[in-house]
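What follows is a single structure, written as structure tokens, with notes after it.
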Amino acid sequence: MILGRSFEDMCAQMYYRGKMFGFVHLYNGQEAVSTGFIKLLKKEDSVVSTYRDHVHALSKGVPARAVMSELFGKATGCCRGQGGSMHMFSKEHNLLGGFAFIGEGIPVATGAAFTSKYRREVLKEADCDHVTLAFFGDGTCNNGQFFECLNMAALWKLPIVFVVENNLWAIGMSHLRATSDPQIYKKGPAFGMPGFHVDGMDVLKVREVAKEAIERARRGEGPTLVECETYRFRGHSLADPDELRDPAEKARYAARDPITALKKYLIESSLASEAELKAIEKKIDEVVEDAVEFADESAPPPRSQLLENVFADPKGFGIGPDGRYRCEDPKFTEGTAHV
């Protein structure tokens, strides 16, 4: 959680210094959800995120250097600088992407869960008990893909956990004004799966619910819908002046900071000393500083990479066998129809 918070605070600094471009959505305040769920997973398990994806990537084990470099648009980023803030991806860590449009990642997560079941039951890979986590926000829960995928996952008993990070606001629209029944977890039983509501500002409570949901999926008992009621401490993105939310509401949730609460619990329970926690914070600061230095010094992607991964051909339809752009060839428009 400390890594996530420090990393995002540094992202804000770098964005305002012009090191990052486009939209950048920070995760401050929601760290208990990412940590409570993802740290229970195996490496083979999959995570599908949203456009607020930096901390999900870090929780899944993607190195801070690779995430920061991606934000800087550098070739050393986890997507070689082609994904940016909203499209974190790592095949190695089974992070199947951040997605810029709401609801866009849920079908991908459902497909990943289907893959696990298919490998186990059809291809007879007995040890394939992989689980998928699909993260999305409250604004997504009025979206058709949400309902379609809940239905499909329940119908086929897929090993997936649908994790709603209900931070109460969809950009500037209050969740209470946007849905006929604001209790999202109730939509689970409507499709024949368990639905749980948990305090998303308490990492231990999140972990407890997550443990049962993940184990249930791993046992082959099907999906679970978990609504984590949390709060983002910053605006929707770094371009958002955050003037729509009531200051009293923001102060109320700031007082329930998940990191401060866990720190208090650890000290009062004699599980850690103040000095030990300070040492962790110092170590994390060094990791984040190193990530910035690495990203800043890394090279930008080569021009030849521009059209790669745009088409099914990984080298890109726009790049010829000689490595030059086809559009630079005077005969570019000749004979391309059959391609």
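Note on naming: chains are A, B, ... as they come in the structure tokens, residues start from 1 per chain, ligands start from 1 in the order shown.
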
May I have a table of the residues of region 195-288 of chain A lying at most 9 Å from region 139-162 of chain A, giving each one's closest pair of atoms and their distance in Å to one decimal, counting only C-alpha atoms, ordered by chain and ascending residue number, as a tab-separated table?
residue	atom	partner	partner_atom	distance
A:Ala210	CA	A:Val161	CA	8.5
A:Ala213	CA	A:Val161	CA	6.6
A:Ile214	CA	A:Val161	CA	6.8
A:Arg216	CA	A:Pro159	CA	8.0
A:Ala217	CA	A:Pro159	CA	4.3
A:Arg218	CA	A:Pro159	CA	6.2
A:Arg219	CA	A:Pro159	CA	8.3
A:Gly220	CA	A:Pro159	CA	6.3
A:Glu221	CA	A:Lys157	CA	6.4
A:Gly222	CA	A:Lys157	CA	4.0
A:Pro223	CA	A:Ile160	CA	4.9
A:Thr224	CA	A:Val161	CA	5.0
A:Leu225	CA	A:Phe162	CA	4.8
A:Val226	CA	A:Phe162	CA	6.2
A:Glu227	CA	A:Phe162	CA	8.4

*Neighbour list for Lys250 (chain A) as a VMD selection string, cut-off 12 Å, only C-alpha atoms, skip fewer than 3 positions in-chain*: chain A and resid 29 167 to 169 230 to 235 242 to 247 253 to 257

Take the selection from the previous step and output its residues with N, CA, C and O atoms, as a tab-separated table (two decimals), in the first residue's frame.
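Generated output (selection_25.tsv):
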chain	number	residue	atom	x	y	z
A	29	GLY	N	-6.00	6.42	-1.95
A	29	GLY	CA	-7.17	6.16	-1.11
A	29	GLY	C	-7.75	4.77	-1.30
A	29	GLY	O	-8.44	4.25	-0.43
A	167	ASN	N	-15.92	3.89	-5.55
A	167	ASN	CA	-15.40	5.09	-4.89
A	167	ASN	C	-16.43	6.21	-4.88
A	167	ASN	O	-16.09	7.37	-4.65
A	168	LEU	N	-17.68	5.85	-5.13
A	168	LEU	CA	-18.86	6.72	-4.98
A	168	LEU	C	-19.05	7.75	-6.08
A	168	LEU	O	-20.10	8.39	-6.14
A	169	TRP	N	-18.05	7.89	-6.96
A	169	TRP	CA	-18.14	8.91	-8.00
A	169	TRP	C	-17.67	8.36	-9.35
A	169	TRP	O	-16.59	7.79	-9.44
A	230	THR	N	-15.02	2.33	-1.27
A	230	THR	CA	-13.75	3.02	-1.04
A	230	THR	C	-13.90	4.49	-1.43
A	230	THR	O	-15.00	5.00	-1.57
A	231	TYR	N	-12.77	5.18	-1.61
A	231	TYR	CA	-12.84	6.61	-1.95
A	231	TYR	C	-11.52	7.04	-2.55
A	231	TYR	O	-10.45	6.66	-2.05
A	232	ARG	N	-11.57	7.80	-3.63
A	232	ARG	CA	-10.33	8.34	-4.20
A	232	ARG	C	-10.07	9.70	-3.57
A	232	ARG	O	-10.96	10.54	-3.47
A	233	PHE	N	-8.84	9.90	-3.16
A	233	PHE	CA	-8.48	11.14	-2.46
A	233	PHE	C	-8.20	12.30	-3.41
A	233	PHE	O	-8.14	13.45	-2.98
A	234	ARG	N	-7.99	12.01	-4.67
A	234	ARG	CA	-7.72	13.05	-5.66
A	234	ARG	C	-8.89	13.14	-6.64
A	234	ARG	O	-9.83	12.35	-6.57
A	235	GLY	N	-8.82	14.08	-7.56
A	235	GLY	CA	-9.85	14.21	-8.59
A	235	GLY	C	-9.87	12.99	-9.49
A	235	GLY	O	-9.02	12.10	-9.39
A	242	ASP	N	-11.51	18.81	-9.28
A	242	ASP	CA	-12.19	18.18	-8.14
A	242	ASP	C	-13.01	19.18	-7.32
A	242	ASP	O	-12.88	19.28	-6.11
A	243	GLU	N	-13.88	19.90	-8.02
A	243	GLU	CA	-14.69	20.92	-7.35
A	243	GLU	C	-16.13	20.46	-7.10
A	243	GLU	O	-16.93	21.18	-6.52
A	244	LEU	N	-16.47	19.25	-7.56
A	244	LEU	CA	-17.86	18.80	-7.47
A	244	LEU	C	-18.18	18.07	-6.17
A	244	LEU	O	-19.32	18.06	-5.73
A	245	ARG	N	-17.18	17.48	-5.55
A	245	ARG	CA	-17.43	16.72	-4.33
A	245	ARG	C	-17.44	17.63	-3.11
A	245	ARG	O	-16.68	18.59	-3.01
A	246	ASP	N	-18.30	17.30	-2.16
A	246	ASP	CA	-18.44	18.08	-0.93
A	246	ASP	C	-17.14	17.98	-0.11
A	246	ASP	O	-16.69	16.87	0.19
A	247	PRO	N	-16.55	19.10	0.28
A	247	PRO	CA	-15.32	19.07	1.09
A	247	PRO	C	-15.49	18.27	2.38
A	247	PRO	O	-14.54	17.61	2.83
A	253	TYR	N	-13.68	10.87	4.54
A	253	TYR	CA	-12.97	9.69	4.04
A	253	TYR	C	-11.46	9.80	4.23
A	253	TYR	O	-10.79	8.78	4.45
A	254	ALA	N	-10.94	11.01	4.18
A	254	ALA	CA	-9.50	11.20	4.42
A	254	ALA	C	-9.13	10.75	5.83
A	254	ALA	O	-8.03	10.22	6.07
A	255	ALA	N	-10.06	10.93	6.76
A	255	ALA	CA	-9.83	10.52	8.15
A	255	ALA	C	-9.82	8.99	8.28
A	255	ALA	O	-9.39	8.47	9.32
A	256	ARG	N	-10.28	8.29	7.23
A	256	ARG	CA	-10.31	6.82	7.26
A	256	ARG	C	-9.24	6.24	6.32
A	256	ARG	O	-9.40	5.14	5.80
A	257	ASP	N	-8.17	6.98	6.12
A	257	ASP	CA	-7.08	6.55	5.25
A	257	ASP	C	-6.67	5.11	5.56
A	257	ASP	O	-6.33	4.80	6.71

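The residue that comes closest to Ala109 (chain A), out of A:Val122, A:Met1, A:Ile259, A:Leu133 and on the basis of only C-alpha atoms, is A:Leu133.
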
Polymer residues at most 7 Å from region 92-102 of chain A, only C-alpha atoms, same-chain spacing of 5 or more positions, as a short mmCIF file (atom, residue, chain, number, x, y, z; two decimals) with N, CA and C atoms, in the first residue's frame:
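Result file is part-v3.cif:
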data_model
loop_
_atom_site.label_atom_id
_atom_site.label_comp_id
_atom_site.auth_asym_id
_atom_site.auth_seq_id
_atom_site.Cartn_x
_atom_site.Cartn_y
_atom_site.Cartn_z
N LYS A 43 1.22 -16.27 -9.25
CA LYS A 43 1.72 -15.59 -10.44
C LYS A 43 0.89 -15.96 -11.68
N GLU A 44 0.40 -17.21 -11.73
CA GLU A 44 -0.35 -17.68 -12.89
C GLU A 44 -1.76 -17.08 -12.97
N ASP A 45 -2.25 -16.55 -11.87
CA ASP A 45 -3.58 -15.93 -11.86
C ASP A 45 -3.55 -14.62 -12.63
N SER A 46 -4.69 -14.24 -13.17
CA SER A 46 -4.76 -13.06 -14.02
C SER A 46 -5.48 -11.89 -13.35
N VAL A 47 -5.09 -10.70 -13.73
CA VAL A 47 -5.73 -9.47 -13.27
C VAL A 47 -6.08 -8.61 -14.48
N VAL A 48 -7.31 -8.12 -14.51
CA VAL A 48 -7.74 -7.17 -15.54
C VAL A 48 -8.14 -5.89 -14.83
N SER A 49 -7.63 -4.77 -15.30
CA SER A 49 -7.80 -3.50 -14.59
C SER A 49 -8.63 -2.51 -15.42
N THR A 50 -8.60 -1.27 -14.97
CA THR A 50 -9.31 -0.17 -15.62
C THR A 50 -8.28 0.86 -16.07
N TYR A 51 -8.70 2.11 -16.28
CA TYR A 51 -7.73 3.16 -16.60
C TYR A 51 -7.00 3.63 -15.34
N ASP A 53 -4.90 2.05 -13.26
CA ASP A 53 -4.29 0.72 -13.23
C ASP A 53 -2.87 0.63 -12.70
N ALA A 57 -0.97 -2.92 -11.29
CA ALA A 57 0.25 -3.46 -11.92
C ALA A 57 1.34 -3.69 -10.87
N LYS A 60 0.60 -6.65 -8.68
CA LYS A 60 0.78 -7.94 -9.37
C LYS A 60 2.24 -8.28 -9.58
N GLY A 61 3.13 -7.36 -9.22
CA GLY A 61 4.56 -7.64 -9.30
C GLY A 61 5.30 -6.99 -10.44
N VAL A 62 4.61 -6.19 -11.26
CA VAL A 62 5.31 -5.47 -12.32
C VAL A 62 6.26 -4.46 -11.66
N MET A 86 -3.09 4.42 -19.14
CA MET A 86 -4.34 3.67 -19.08
C MET A 86 -4.27 2.26 -19.64
N HIS A 87 -3.09 1.85 -20.12
CA HIS A 87 -3.00 0.54 -20.79
C HIS A 87 -1.81 -0.27 -20.30
N THR A 140 -19.27 1.54 -13.99
CA THR A 140 -19.37 0.43 -14.94
C THR A 140 -20.62 -0.43 -14.69
#

*If you run DSSP on this backbone, which residues of region 216-322 of chain A come out as alpha helix (DSSP H), and could you give them as a PyMOL selection string?*
chain A and resi 216-218+247-254+258-268+274-297

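Compared by their closest atoms to Phe89 (chain A), and using only C-alpha atoms, the residues A:Lys74, A:Arg65, A:Arg252, A:His54 rank with A:His54 nearest.
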
*Could you work out how far CA of Ala251 (chain A) lies from CA of Tyr16 (chain A), giving the answer in Å with one decimal?*
24.2 Å
